[in-house]
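What follows is the content of protein_30.csv (CSV, C-alpha atoms and all ligand atoms).
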chain,number,residue,atom,x,y,z
A,25,MET,CA,-11.1,0.0,18.5
A,26,SER,CA,-11.6,2.7,21.2
A,27,ILE,CA,-13.7,1.9,24.2
A,28,TYR,CA,-14.9,4.6,26.6
A,29,THR,CA,-16.0,3.8,30.1
A,30,ALA,CA,-17.3,5.4,33.3
A,31,THR,CA,-18.5,4.1,36.7
A,32,THR,CA,-20.4,5.7,39.5
A,33,THR,CA,-22.4,4.8,42.6
A,34,ALA,CA,-25.6,6.5,43.7
A,35,PRO,CA,-27.1,6.0,47.1
A,36,VAL,CA,-30.8,5.6,47.9
A,37,ASN,CA,-32.6,8.7,49.3
A,38,ILE,CA,-35.6,8.4,51.6
A,39,ALA,CA,-38.1,11.2,51.5
A,40,THR,CA,-39.1,12.8,54.8
A,41,LEU,CA,-41.6,15.0,52.9
A,42,LYS,CA,-43.1,12.7,50.3
A,43,TYR,CA,-43.5,13.2,46.5
A,44,TRP,CA,-46.9,11.6,45.6
A,45,GLY,CA,-48.8,12.8,42.5
A,46,LYS,CA,-47.7,13.8,39.0
A,47,ARG,CA,-49.0,16.8,37.1
A,48,ASP,CA,-47.3,15.5,33.9
A,49,LYS,CA,-46.7,11.8,33.6
A,50,THR,CA,-44.2,11.9,30.7
A,51,LEU,CA,-42.0,14.6,32.2
A,52,ASN,CA,-42.5,13.3,35.8
A,53,LEU,CA,-43.5,16.7,37.1
A,54,PRO,CA,-44.8,16.5,40.6
A,55,THR,CA,-47.9,18.0,42.3
A,56,ASN,CA,-45.8,19.0,45.3
A,57,SER,CA,-42.2,19.7,46.3
A,58,SER,CA,-40.5,17.1,48.5
A,59,ILE,CA,-37.5,16.7,50.8
A,60,SER,CA,-35.3,13.7,51.4
A,61,VAL,CA,-32.2,12.5,53.2
A,62,THR,CA,-29.6,10.7,51.0
A,63,LEU,CA,-28.3,7.6,52.7
A,64,SER,CA,-24.5,6.9,52.9
A,65,GLN,CA,-22.8,5.3,49.9
A,66,ASP,CA,-21.8,2.4,52.3
A,67,ASP,CA,-25.4,1.4,52.8
A,68,LEU,CA,-28.0,1.1,50.1
A,69,ARG,CA,-26.6,2.0,46.7
A,70,THR,CA,-26.6,1.2,43.0
A,71,LEU,CA,-23.2,0.7,41.2
A,72,THR,CA,-23.4,1.4,37.5
A,73,SER,CA,-20.7,1.2,34.8
A,74,VAL,CA,-21.2,2.3,31.2
A,75,ALA,CA,-19.2,1.6,28.1
A,76,THR,CA,-19.5,2.8,24.6
A,77,SER,CA,-17.6,2.0,21.4
A,78,GLU,CA,-18.1,2.2,17.6
A,79,LYS,CA,-18.5,-1.6,17.8
A,80,PHE,CA,-21.7,-1.3,20.0
A,81,ASN,CA,-24.6,-0.9,17.6
A,82,GLU,CA,-27.3,-1.1,20.2
A,83,ASP,CA,-28.0,0.0,23.8
A,84,LYS,CA,-28.0,-2.9,26.3
A,85,LEU,CA,-28.6,-3.2,30.1
A,86,TRP,CA,-27.7,-5.8,32.6
A,87,LEU,CA,-29.4,-5.3,35.9
A,88,ASN,CA,-28.1,-7.5,38.8
A,89,GLY,CA,-26.5,-9.9,36.4
A,90,LYS,CA,-29.5,-10.3,34.1
A,91,GLU,CA,-30.1,-8.7,30.7
A,92,GLU,CA,-33.1,-6.4,30.9
A,93,SER,CA,-35.0,-4.4,28.3
A,94,LEU,CA,-34.1,-0.7,27.9
A,95,GLY,CA,-37.3,-0.1,26.0
A,96,SER,CA,-39.2,1.8,28.7
A,97,GLU,CA,-40.2,5.3,27.6
A,98,ARG,CA,-38.7,6.7,30.8
A,99,THR,CA,-35.3,5.2,30.2
A,100,GLN,CA,-35.4,6.2,26.5
A,101,ASN,CA,-36.2,9.8,27.5
A,102,CYS,CA,-33.1,9.9,29.8
A,103,LEU,CA,-30.9,8.4,27.1
A,104,LYS,CA,-32.2,10.8,24.5
A,105,ASP,CA,-31.6,13.9,26.6
A,106,LEU,CA,-28.0,12.8,27.6
A,107,ARG,CA,-27.2,12.0,23.9
A,108,SER,CA,-28.5,15.4,22.8
A,109,LEU,CA,-26.3,17.2,25.4
A,110,ARG,CA,-23.3,15.2,24.2
A,111,LYS,CA,-24.1,16.0,20.6
A,112,GLN,CA,-24.1,19.7,21.3
A,113,LEU,CA,-20.6,19.3,22.7
A,114,GLU,CA,-19.5,17.3,19.7
A,115,ASP,CA,-21.0,19.9,17.3
A,116,SER,CA,-19.1,22.7,19.1
A,117,ASP,CA,-15.7,21.0,19.2
A,118,SER,CA,-14.7,18.9,16.2
A,119,ASN,CA,-11.8,17.2,18.2
A,120,LEU,CA,-14.3,15.4,20.4
A,121,PRO,CA,-15.0,11.8,19.5
A,122,LYS,CA,-18.6,11.3,18.2
A,123,ILE,CA,-19.5,8.8,20.9
A,124,SER,CA,-23.1,10.1,21.1
A,125,GLU,CA,-23.8,7.9,18.0
A,126,PHE,CA,-22.5,4.7,19.5
A,127,GLY,CA,-24.5,2.1,21.5
A,128,LEU,CA,-24.2,2.1,25.3
A,129,HIS,CA,-23.6,-1.0,27.4
A,130,ILE,CA,-24.8,-0.5,30.9
A,131,VAL,CA,-24.2,-2.8,33.9
A,132,SER,CA,-26.0,-2.0,37.1
A,133,GLU,CA,-26.1,-3.7,40.5
A,134,ASN,CA,-28.0,-3.0,43.6
A,135,ASN,CA,-26.8,-4.2,47.0
A,136,PHE,CA,-30.4,-4.5,48.3
A,137,PRO,CA,-33.8,-5.9,47.0
A,138,THR,CA,-35.1,-4.2,43.9
A,139,ALA,CA,-38.6,-2.6,43.9
A,140,ALA,CA,-39.4,-3.5,47.5
A,141,GLY,CA,-40.3,0.1,48.5
A,142,LEU,CA,-36.6,0.7,49.3
A,143,ALA,CA,-36.3,3.4,46.6
A,144,SER,CA,-34.3,1.2,44.2
A,145,SER,CA,-35.6,3.3,41.2
A,146,ALA,CA,-34.2,6.4,42.8
A,147,ALA,CA,-30.7,5.1,43.1
A,148,GLY,CA,-30.9,3.2,39.8
A,149,PHE,CA,-31.9,6.1,37.6
A,150,SER,CA,-29.6,8.5,39.4
A,151,ALA,CA,-26.6,6.2,38.9
A,152,LEU,CA,-27.6,5.6,35.2
A,153,VAL,CA,-27.8,9.3,34.4
A,154,VAL,CA,-24.7,10.3,36.3
A,155,ALA,CA,-22.6,7.5,34.8
A,156,ILE,CA,-23.5,8.5,31.3
A,157,ALA,CA,-23.1,12.2,32.1
A,158,LYS,CA,-19.6,11.3,33.3
A,159,LEU,CA,-18.9,9.2,30.2
A,160,TYR,CA,-20.0,12.0,28.0
A,161,LYS,CA,-18.1,14.6,30.1
A,162,LEU,CA,-21.1,16.8,30.3
A,163,PRO,CA,-20.4,20.2,31.9
A,164,GLN,CA,-23.9,20.8,33.3
A,165,SER,CA,-24.4,21.2,37.1
A,166,PHE,CA,-25.9,18.4,39.2
A,167,SER,CA,-29.2,20.4,39.5
A,168,GLU,CA,-29.4,20.5,35.6
A,169,ILE,CA,-28.6,16.8,35.3
A,170,SER,CA,-31.2,16.0,38.1
A,171,LYS,CA,-33.9,17.1,35.6
A,172,ILE,CA,-32.9,14.2,33.3
A,173,ALA,CA,-32.8,11.7,36.2
A,174,ARG,CA,-36.3,13.0,37.2
A,175,LYS,CA,-37.7,11.8,33.9
A,176,GLY,CA,-36.5,8.3,34.7
A,177,SER,CA,-38.0,8.2,38.2
A,178,GLY,CA,-39.2,11.4,40.0
A,179,SER,CA,-37.4,10.6,43.3
A,180,ALA,CA,-34.1,9.8,41.4
A,181,CYS,CA,-33.4,13.5,40.9
A,182,ARG,CA,-32.8,13.8,44.7
A,183,SER,CA,-30.1,11.0,44.8
A,184,LEU,CA,-27.7,13.2,42.8
A,185,PHE,CA,-26.9,15.1,46.0
A,186,GLY,CA,-25.7,13.8,49.4
A,187,GLY,CA,-27.2,15.0,52.6
A,188,TYR,CA,-30.5,16.9,52.8
A,189,VAL,CA,-32.1,17.6,49.5
A,190,ALA,CA,-35.2,19.3,48.2
A,191,TRP,CA,-36.9,18.7,44.9
A,192,GLU,CA,-38.5,21.9,43.9
A,193,MET,CA,-41.7,21.1,42.0
A,194,GLY,CA,-41.4,24.2,39.7
A,195,SER,CA,-44.2,25.8,37.7
A,196,GLU,CA,-43.0,25.6,34.1
A,197,GLU,CA,-44.9,23.3,31.8
A,198,ASP,CA,-41.7,22.0,30.2
A,199,GLY,CA,-40.2,21.0,33.6
A,200,SER,CA,-37.2,23.4,33.2
A,201,ASP,CA,-37.5,24.5,36.8
A,202,SER,CA,-38.4,21.1,38.4
A,203,LYS,CA,-35.1,20.1,39.9
A,204,ALA,CA,-33.2,18.9,42.9
A,205,VAL,CA,-31.3,21.4,45.1
A,206,GLU,CA,-29.2,20.9,48.2
A,207,VAL,CA,-30.8,22.0,51.5
A,208,ALA,CA,-27.7,21.2,53.5
A,209,PRO,CA,-24.7,19.0,53.0
A,210,VAL,CA,-24.3,15.8,55.1
A,211,GLU,CA,-21.6,17.5,57.2
A,212,HIS,CA,-24.0,20.2,58.3
A,213,TRP,CA,-26.0,17.6,60.4
A,214,SER,CA,-23.9,14.5,60.3
A,215,ASN,CA,-25.1,12.8,63.5
A,216,ILE,CA,-28.5,11.8,61.9
A,217,LYS,CA,-28.6,8.1,61.2
A,218,ALA,CA,-31.2,5.8,59.6
A,219,VAL,CA,-32.1,2.2,60.3
A,220,ILE,CA,-34.3,0.2,57.9
A,221,LEU,CA,-36.6,-2.4,59.3
A,222,VAL,CA,-37.2,-4.7,56.3
A,223,VAL,CA,-40.7,-5.9,56.9
A,224,SER,CA,-40.9,-7.6,53.5
A,225,ALA,CA,-38.4,-7.8,50.6
A,226,ASP,CA,-41.2,-8.7,48.1
A,227,LYS,CA,-41.9,-6.5,45.1
A,228,LYS,CA,-44.5,-3.9,45.9
A,229,ASP,CA,-48.2,-4.4,45.1
A,230,THR,CA,-49.0,-1.2,43.4
A,231,PRO,CA,-46.2,0.5,41.5
A,232,SER,CA,-45.8,4.2,42.5
A,233,THR,CA,-46.8,5.5,39.1
A,234,SER,CA,-50.2,3.8,39.0
A,235,GLY,CA,-50.7,4.4,42.7
A,236,MET,CA,-50.1,8.1,42.2
A,237,GLN,CA,-52.5,8.2,39.3
A,238,THR,CA,-55.3,6.6,41.3
A,239,THR,CA,-54.7,9.0,44.2
A,240,VAL,CA,-54.6,12.1,42.0
A,241,ALA,CA,-57.8,11.1,40.2
A,242,THR,CA,-59.9,10.0,43.2
A,243,SER,CA,-58.7,11.3,46.6
A,244,ASP,CA,-60.3,14.5,48.0
A,245,LEU,CA,-57.8,14.4,50.9
A,246,PHE,CA,-55.0,14.5,48.3
A,247,GLN,CA,-56.2,18.0,47.1
A,248,TRP,CA,-56.1,19.3,50.7
A,249,ARG,CA,-52.6,17.8,51.2
A,250,ILE,CA,-51.0,19.4,48.1
A,251,LYS,CA,-52.6,22.8,48.6
A,252,GLU,CA,-52.9,23.3,52.4
A,253,VAL,CA,-50.4,20.9,54.0
A,254,VAL,CA,-47.3,20.4,52.0
A,255,PRO,CA,-46.3,24.0,51.0
A,256,LYS,CA,-46.1,25.0,54.7
A,257,ARG,CA,-44.5,21.8,55.8
A,258,PHE,CA,-41.8,22.2,53.0
A,259,GLU,CA,-40.7,25.5,54.5
A,260,GLU,CA,-40.9,24.2,58.1
A,261,MET,CA,-38.9,21.1,57.3
A,262,LYS,CA,-36.1,23.0,55.6
A,263,LYS,CA,-35.9,25.3,58.6
A,264,SER,CA,-35.8,22.3,61.0
A,265,ILE,CA,-32.8,20.9,59.0
A,266,ILE,CA,-31.0,24.3,58.9
A,267,GLU,CA,-31.5,24.7,62.7
A,268,LYS,CA,-30.8,21.0,63.4
A,269,ASN,CA,-34.0,20.8,65.3
A,270,PHE,CA,-34.5,17.0,65.6
A,271,PRO,CA,-37.8,16.9,67.5
A,272,LEU,CA,-39.4,19.2,64.9
A,273,PHE,CA,-37.8,17.4,62.0
A,274,ALA,CA,-39.0,14.1,63.4
A,275,GLU,CA,-42.5,15.2,64.0
A,276,LEU,CA,-42.9,16.7,60.5
A,277,THR,CA,-41.4,13.5,59.0
A,278,MET,CA,-43.8,11.2,60.9
A,279,LYS,CA,-46.8,13.4,60.1
A,280,ASP,CA,-45.9,13.5,56.4
A,281,SER,CA,-45.6,9.7,56.2
A,282,ASN,CA,-49.0,9.4,57.8
A,283,SER,CA,-50.5,12.0,55.5
A,284,PHE,CA,-49.2,10.3,52.4
A,285,HIS,CA,-50.5,6.9,53.5
A,286,ALA,CA,-53.8,8.5,54.4
A,287,THR,CA,-54.2,9.8,50.8
A,288,CYS,CA,-53.4,6.2,49.6
A,289,LEU,CA,-56.2,4.9,51.9
A,290,ASP,CA,-58.5,7.7,50.6
A,291,SER,CA,-57.9,6.6,47.0
A,292,TYR,CA,-60.6,4.6,45.3
A,293,PRO,CA,-60.0,1.7,45.2
A,294,PRO,CA,-57.8,2.2,48.3
A,295,ILE,CA,-54.1,1.5,48.2
A,296,PHE,CA,-52.5,-0.3,51.2
A,297,TYR,CA,-48.8,-0.1,51.5
A,298,LEU,CA,-48.5,-0.5,55.3
A,299,ASN,CA,-49.2,-3.9,56.8
A,300,ASP,CA,-49.8,-5.0,60.4
A,301,THR,CA,-46.1,-5.1,61.2
A,302,SER,CA,-45.6,-1.6,59.8
A,303,LYS,CA,-48.4,-0.4,62.0
A,304,LYS,CA,-46.8,-2.0,65.1
A,305,ILE,CA,-43.6,-0.2,64.2
A,306,ILE,CA,-45.4,3.1,64.1
A,307,LYS,CA,-46.9,2.4,67.6
A,308,LEU,CA,-43.6,1.3,68.9
A,309,VAL,CA,-41.8,4.5,67.8
A,310,HIS,CA,-44.4,6.6,69.5
A,311,ALA,CA,-44.2,4.4,72.6
A,312,ILE,CA,-40.3,4.8,72.7
A,313,ASN,CA,-40.6,8.6,72.3
A,314,ASP,CA,-43.2,8.7,75.1
A,315,PHE,CA,-41.1,6.4,77.3
A,316,TYR,CA,-38.0,8.7,77.0
A,317,GLY,CA,-40.2,11.9,77.3
A,318,GLU,CA,-38.6,13.3,74.1
A,319,THR,CA,-38.7,12.6,70.4
A,320,ILE,CA,-35.6,10.5,69.7
A,321,ALA,CA,-36.9,8.6,66.7
A,322,ALA,CA,-39.0,9.2,63.6
A,323,TYR,CA,-40.5,6.6,61.2
A,324,THR,CA,-41.3,7.0,57.6
A,325,PHE,CA,-42.7,4.6,55.0
A,326,ASP,CA,-42.5,4.8,51.2
A,327,ALA,CA,-44.7,2.8,48.8
A,328,GLY,CA,-44.2,-0.4,50.7
A,329,PRO,CA,-44.3,-1.8,54.3
A,330,ASN,CA,-40.6,-1.3,55.2
A,331,ALA,CA,-39.8,1.2,57.9
A,332,VAL,CA,-37.0,3.8,57.8
A,333,ILE,CA,-36.3,5.2,61.3
A,334,TYR,CA,-34.3,8.3,61.6
A,335,TYR,CA,-32.5,9.1,64.9
A,336,LEU,CA,-29.5,10.9,66.3
A,337,GLU,CA,-26.4,8.9,66.8
A,338,GLU,CA,-26.2,9.8,70.5
A,339,ASN,CA,-29.5,8.0,71.0
A,340,GLU,CA,-28.6,4.8,69.2
A,341,SER,CA,-28.3,2.6,72.3
A,342,LYS,CA,-31.6,4.1,73.7
A,343,LEU,CA,-33.4,3.2,70.5
A,344,PHE,CA,-31.7,-0.1,69.7
A,345,SER,CA,-31.9,-1.5,73.2
A,346,ILE,CA,-35.7,-1.6,72.8
A,347,ILE,CA,-35.9,-2.5,69.1
A,348,TYR,CA,-33.2,-5.2,69.5
A,349,LYS,CA,-35.1,-6.8,72.4
A,350,LEU,CA,-38.2,-7.2,70.2
A,351,PHE,CA,-36.5,-8.2,66.9
A,352,ASN,CA,-33.3,-10.0,68.0
A,353,LYS,CA,-34.5,-13.3,66.5
A,354,VAL,CA,-34.7,-11.7,63.1
A,355,GLU,CA,-31.7,-11.9,60.7
A,356,GLY,CA,-29.7,-8.9,59.8
A,357,TRP,CA,-28.4,-7.4,63.0
A,358,SER,CA,-24.8,-6.7,63.3
A,359,SER,CA,-23.1,-8.1,66.4
A,360,LYS,CA,-22.5,-4.5,67.3
A,361,TYR,CA,-26.1,-4.4,68.5
A,362,SER,CA,-26.1,-7.5,70.7
A,363,SER,CA,-27.6,-6.9,74.1
A,364,GLU,CA,-24.2,-7.4,75.7
A,365,GLN,CA,-22.8,-4.4,73.9
A,366,LEU,CA,-25.9,-2.3,74.6
A,367,GLY,CA,-25.0,-2.7,78.3
A,368,GLU,CA,-28.0,-4.8,79.4
B,1,LIG,O1,-39.9,8.2,42.2
B,1,LIG,P1,-41.0,7.2,42.3
B,1,LIG,O2,-41.9,7.1,41.1
B,1,LIG,O3,-40.5,5.8,42.7
B,1,LIG,O4,-41.9,7.6,43.5
B,1,LIG,C1,-41.5,7.7,44.8
B,1,LIG,C2,-42.6,7.9,45.8
B,1,LIG,C3,-42.2,7.8,47.3
B,1,LIG,O5,-41.1,7.0,47.5
B,1,LIG,C4,-43.4,7.1,48.0
B,1,LIG,C5,-42.0,9.2,47.9
B,1,LIG,C6,-40.7,9.9,47.6
B,1,LIG,O6,-40.8,11.1,47.6
B,1,LIG,O7,-39.7,9.2,47.4
How does this structure look as structure tokens?
Amino acid sequence: MSIYTATTTAPVNIATLKYWGKRDKTLNLPTNSSISVTLSQDDLRTLTSVATSEKFNEDKLWLNGKEESLGSERTQNCLKDLRSLRKQLEDSDSNLPKISEFGLHIVSENNFPTAAGLASSAAGFSALVVAIAKLYKLPQSFSEISKIARKGSGSACRSLFGGYVAWEMGSEEDGSDSKAVEVAPVEHWSNIKAVILVVSADKKDTPSTSGMQTTVATSDLFQWRIKEVVPKRFEEMKKSIIEKNFPLFAELTMKDSNSFHATCLDSYPPIFYLNDTSKKIIKLVHAINDFYGETIAAYTFDAGPNAVIYYLEENESKLFSIIYKLFNKVEGWSSKYSSEQLGE
């Protein structure tokens, strides 16, 4: 019996210009383009291994040690596309083993809480699609493969690239031009860092798909956001990355997080992702920037209360000496950030 295997890891990406709204739910086509920063592989990531063999007569998935259903339409769409690309290869080269016909066994593990607004679906679908593309030895570029990951979870298409990534919304009805592209590699601006303040590790209240549908259907503010705000911000944010202009990048990131949560609040019934602790973190970051007289930190929040704070490495002690003072009783700080080391 032959068994074929492949393994990959995919990191989480955190949007600095948010994707919120679908123009096609099945294909996961967005109502606006978005931008994100992919975190380092050493931080939050999904590790996925896949195996296939003529002995496997069905597809199976184990997520964090527990068998889960592979029945969702989104997962099925990804598997169908990957199999059909492999089939094309097999049809054009009779020496290739016909593994597209075999069942797939997929084992996936996150090193962080699943579905707590920490973009687990992005890393999860990206790892799933890349692992199978590797197993099938597909020759397509990462941008091409990102269109398949997009069908699993929109934001997953951005996790195929490291560094600074744009998801271009595209205009084709079949989604053929809605893909992720690199804005800049991580080495271009390698001194940006992110700290995540986990306000709650519970599953989120309103899943992103249903939240987006409510917003698209009911919020007037959302129409303004996608037509008047995001297109301009998309260009400005790309420029801020190319020029490594942190104060501008930070301002656009914070404004975009606020704009996205404002459309959630403007939805009917309203959707609340931020809680009182999240709001205190927003105030704190503004207070820190005011205190230093320059923008050294930027917050952003996805579909949950947890904060991601972007900052430049050289400002780490400035930022952490304040945050650590407030949160040092909370678990999760490395000894590196003890007040002693911060020179207090
Ligand atoms: O890809 P989804 O369906 O999990 O939606 C992601 C939505 C946000 O995280 C709030 C924004 C984004 O661009 O990642």
Under the rule that all atoms listed in the file are counted, which of A:Val222, A:Ile156, A:Leu142, A:Ala30 is the nearest residue to ligand LIG 1 (chain B)?
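Among the listed residues, the smallest separation from ligand LIG 1 (chain B) belongs to A:Leu142.
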Just the residues within 12 Å of Gly45 in chain A, please, counting only C-alpha atoms, with nothing from its chain fewer than 2 positions along; format it as number ranges by chain.
A: 42-43, 47-49, 52-58, 178-179, 193, 232-243, 246-247, 249-250, 284, 287-288, 291
Pick from A:Ala190, A:Val153, A:Val253, A:Ala225, whichever lies nearest to ligand LIG 1 (chain B) using all atoms listed in the file
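The shortest atom-to-atom distance to ligand LIG 1 (chain B) comes from A:Ala190.
You will find CA of Glu267 in chain A at 22.6 Å from CA of Val219 in chain A.
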Selected residue, from A:Val205, A:Ile38, A:Leu336, A:Ala286, that lies nearest to Lys262 in chain A when counting all atoms listed in the file:
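Among the listed residues, A:Val205 lies closest to Lys262 in chain A.
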How far is it from CA of Glu97 in chain A to CA of Pro231 in chain A, in Å with one decimal?
15.9 Å
Near range 106-120 of chain A, within 10 Å and counting all atoms listed in the file, which residues show up once chain neighbours fewer than 4 positions away are dropped, as a ChimeraX atom specification?
/A:100-102,124-126,153-154,156-157,159-164,169,172-173
Could you check how far CA of Ala208 in chain A sits from CA of Ile320 in chain A, in Å to one decimal?
21.0 Å
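Across A:Glu192, A:Glu318, A:Glu82, A:Glu275, the tightest approach to ligand LIG 1 (chain B) is made by A:Glu192 when counting only C-alpha atoms and all ligand atoms.
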Using all atoms listed in the file, which of the listed residues (A:Phe325, A:Trp86, A:Phe273, A:Phe351) sits closest to ligand LIG 1 (chain B)?
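That would be A:Phe325, the residue with the smallest distance to ligand LIG 1 (chain B).
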Tell me which residues come within 7 Å of (-19.8, 0.8, 20.7), as number ranges by chain, counting all atoms listed in the file in the file's coordinates.
A: 76-81, 126-128
Check the smallest atom-to-atom distance from each of A:Ile130, A:Leu41, A:Ala204, A:Ala274 to ligand LIG 1 (chain B) using only C-alpha atoms and all ligand atoms, then report the winner.
A:Leu41
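Those residues positioned at most 12 Å from (-30.5, 27.4, 57.5) are Tyr188, Glu206, Val207, Ala208, Pro209, His212, Trp213, Glu259, Glu260, Met261, Lys262, Lys263, Ser264, Ile265, Ile266, Glu267, Lys268 and Asn269 of chain A, judged using only C-alpha atoms.
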Selected residues written out, C-alpha atoms, as a compact mmCIF listing (two decimals), keeping the file's coordinate frame:
# COMPACT_ATOMS: atom_id res chain seq x y z
CA TYR A 188 -30.50 16.90 52.80
CA GLU A 206 -29.20 20.90 48.20
CA VAL A 207 -30.80 22.00 51.50
CA ALA A 208 -27.70 21.20 53.50
CA PRO A 209 -24.70 19.00 53.00
CA HIS A 212 -24.00 20.20 58.30
CA TRP A 213 -26.00 17.60 60.40
CA GLU A 259 -40.70 25.50 54.50
CA GLU A 260 -40.90 24.20 58.10
CA MET A 261 -38.90 21.10 57.30
CA LYS A 262 -36.10 23.00 55.60
CA LYS A 263 -35.90 25.30 58.60
CA SER A 264 -35.80 22.30 61.00
CA ILE A 265 -32.80 20.90 59.00
CA ILE A 266 -31.00 24.30 58.90
CA GLU A 267 -31.50 24.70 62.70
CA LYS A 268 -30.80 21.00 63.40
CA ASN A 269 -34.00 20.80 65.30
Enclose the full set of atoms of range 335-354 of chain A listed in the file within a box whose edges lie along x, y and z, apply 3 Å of padding to each of the six sides, and report centre and edge lengths in Å to one decimal as JSON.
{"center_x": -32.2, "center_y": -1.2, "center_z": 68.4, "size_x": 18.0, "size_y": 30.2, "size_z": 16.6}
Residue neighbourhood Val309 in chain A, 9 Å, all atoms listed in the file, exclusion window fewer than 5 positions, as a list in words:
Lys304, Asp314, Ile320, Ala321, Ala322, Tyr323, Ile333 and Leu343 of chain A
List the spatial neighbours of Asn37 in chain A as a PDB file with C-alpha atoms, in the coordinates of the input - criterion: any atom at most 10 Å away, all atoms listed in the file, same-chain residues fewer than 3 positions off excluded.
ATOM      1  CA  ALA A  34     -25.600   6.500  43.700  1.00  0.00           C
ATOM      2  CA  THR A  40     -39.100  12.800  54.800  1.00  0.00           C
ATOM      3  CA  ILE A  59     -37.500  16.700  50.800  1.00  0.00           C
ATOM      4  CA  SER A  60     -35.300  13.700  51.400  1.00  0.00           C
ATOM      5  CA  VAL A  61     -32.200  12.500  53.200  1.00  0.00           C
ATOM      6  CA  THR A  62     -29.600  10.700  51.000  1.00  0.00           C
ATOM      7  CA  LEU A  63     -28.300   7.600  52.700  1.00  0.00           C
ATOM      8  CA  SER A  64     -24.500   6.900  52.900  1.00  0.00           C
ATOM      9  CA  LEU A  68     -28.000   1.100  50.100  1.00  0.00           C
ATOM     10  CA  ARG A  69     -26.600   2.000  46.700  1.00  0.00           C
ATOM     11  CA  LEU A 142     -36.600   0.700  49.300  1.00  0.00           C
ATOM     12  CA  ALA A 143     -36.300   3.400  46.600  1.00  0.00           C
ATOM     13  CA  SER A 144     -34.300   1.200  44.200  1.00  0.00           C
ATOM     14  CA  ALA A 146     -34.200   6.400  42.800  1.00  0.00           C
ATOM     15  CA  ALA A 147     -30.700   5.100  43.100  1.00  0.00           C
ATOM     16  CA  SER A 179     -37.400  10.600  43.300  1.00  0.00           C
ATOM     17  CA  ALA A 180     -34.100   9.800  41.400  1.00  0.00           C
ATOM     18  CA  CYS A 181     -33.400  13.500  40.900  1.00  0.00           C
ATOM     19  CA  ARG A 182     -32.800  13.800  44.700  1.00  0.00           C
ATOM     20  CA  SER A 183     -30.100  11.000  44.800  1.00  0.00           C
ATOM     21  CA  LEU A 184     -27.700  13.200  42.800  1.00  0.00           C
ATOM     22  CA  PHE A 185     -26.900  15.100  46.000  1.00  0.00           C
ATOM     23  CA  GLY A 186     -25.700  13.800  49.400  1.00  0.00           C
ATOM     24  CA  GLY A 187     -27.200  15.000  52.600  1.00  0.00           C
ATOM     25  CA  TYR A 188     -30.500  16.900  52.800  1.00  0.00           C
ATOM     26  CA  VAL A 189     -32.100  17.600  49.500  1.00  0.00           C
TER      27      VAL A 189
END
